[in-house]
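In what follows, a structure is listed as structure tokens, so that the remarks can point back to it.
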Amino acid sequence: KQEVTQIPAALSVPEGENLVLNCSFTDSAIYNLQWFRQDPGKGLTSLLLIQSSQREQTSGRLNASLDKSSGRSTLYIAASQPGDSATYLCAVEAAGNKLTFGGGTRVLVKP
Amino acid sequence: GAVVSQHPSWVICKSGTSVKIECRSLDFQATTMFWYRQFPKQSLMLMATSNEGSKATYEQGVEKDKFLINHASLTLSTLTVTSAHPEDSSFYICSARDAMATGELFFGEGSRLTVL
């Protein structure tokens, strides 16, 4: 059974610092890995999708890497802003189109 | 990006009543939609996979008679919580994938159910 773990569970940084969020998964037989952002009481916004054959994806200040063999992904957010405060979730997709989510990392960027 | 709409965004009902939540893909067709449940400060747990024109596939431990799912068209799936009880209070989120594309799943804004 696939298990996804996110460390740390919570993170507080001053504005301008770079954020590093970690995600690990136990079964490397995945189709893709996706990073999401969730604001309180809201749904999920897709940030980056990395296919299993890819090593990284970039979008603006966001960069996500994937090391499938070691079961790890890292989301980097450069030059953090207070608006980046949210919960970040990673999820892996395996056979059957099913996503398995990590527990999330709650990020607070202090002005 | 693709848009998935959920309605209602929040609902309060009395114990014993049934509540229907709609999930619509607004600008794409979705042969498969997914329903998740999220408790406060916890991650999303997949409840069931909704397949257009066929029966939903439920995850282990999810009562199919309690959580009725109907996927009548390529743009609409509904989740009905039957005879709701306070323990059914939760945040329900749906997601869908564009049938013509691969990869990203798009999520609705979620529906908060409170059962009194």
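Residues in the structure tokens are numbered from 1 in each chain, the chains being A, B, ... in the order shown, and ligands are numbered from 1 in the order shown.
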
Mind dumping a table of every chain A residue within 7 Å of chain B, with the nearest atom pair and its distance in Å to one decimal, using only C-alpha atoms, sorted by chain and rising number, as JSON lines?
```
{"residue": "A:Lys42", "atom": "CA", "partner": "B:Glu109", "partner_atom": "CA", "distance": 5.4}
{"residue": "A:Gly43", "atom": "CA", "partner": "B:Glu109", "partner_atom": "CA", "distance": 3.9}
{"residue": "A:Leu44", "atom": "CA", "partner": "B:Phe107", "partner_atom": "CA", "distance": 5.6}
{"residue": "A:Thr45", "atom": "CA", "partner": "B:Phe107", "partner_atom": "CA", "distance": 6.9}
{"residue": "A:Ser46", "atom": "CA", "partner": "B:Phe106", "partner_atom": "CA", "distance": 6.9}
{"residue": "A:Leu49", "atom": "CA", "partner": "B:Glu104", "partner_atom": "CA", "distance": 6.5}
{"residue": "A:Phe101", "atom": "CA", "partner": "B:Leu44", "partner_atom": "CA", "distance": 6.4}
{"residue": "A:Gly102", "atom": "CA", "partner": "B:Ser43", "partner_atom": "CA", "distance": 6.6}
{"residue": "A:Gly103", "atom": "CA", "partner": "B:Ser43", "partner_atom": "CA", "distance": 4.9}
{"residue": "A:Gly104", "atom": "CA", "partner": "B:Ser43", "partner_atom": "CA", "distance": 6.6}
```

Restricting it to C-alpha atoms, dump the selection as a PDB file, in the first residue's frame.
```pdb
ATOM      1  CA  LYS A  42     -10.885  25.885   0.053  1.00  0.00           C
ATOM      2  CA  GLY A  43     -10.261  23.252  -2.559  1.00  0.00           C
ATOM      3  CA  LEU A  44      -6.949  22.342  -4.128  1.00  0.00           C
ATOM      4  CA  THR A  45      -5.025  24.300  -6.707  1.00  0.00           C
ATOM      5  CA  SER A  46      -2.627  22.329  -8.847  1.00  0.00           C
ATOM      6  CA  LEU A  49       2.751  17.924 -12.202  1.00  0.00           C
ATOM      7  CA  PHE A 101      -1.995  12.294  -0.640  1.00  0.00           C
ATOM      8  CA  GLY A 102       0.573  13.226   1.922  1.00  0.00           C
ATOM      9  CA  GLY A 103      -0.452  14.886   5.156  1.00  0.00           C
ATOM     10  CA  GLY A 104       0.547  18.319   3.917  1.00  0.00           C
TER      11      GLY A 104
END
```

_At a cut-off of 10 Å, using only C-alpha atoms, what residues contact range 55-58 of chain A? Leave out same-chain residues fewer than 6 positions from it and give the result as a PyMOL selection string._
chain A and resi 47-49+64-68+73-76

_Given only C-alpha atoms as the counted atoms, nearest of A:Phe36, A:Tyr88, A:Tyr31, A:Phe25 to Arg106 in chain A_ =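 Of A:Phe36, A:Tyr88, A:Tyr31, A:Phe25, the one nearest Arg106 in chain A, counting only C-alpha atoms, is A:Tyr88.
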
*Which of chain B counts as strand (DSSP E or B) under DSSP, as a VMD selection string please?*
chain B and resid 4 to 7 10 to 13 19 to 25 32 to 38 44 to 51 57 to 58 67 to 73 76 to 81 90 to 96 106 to 107 111 to 115
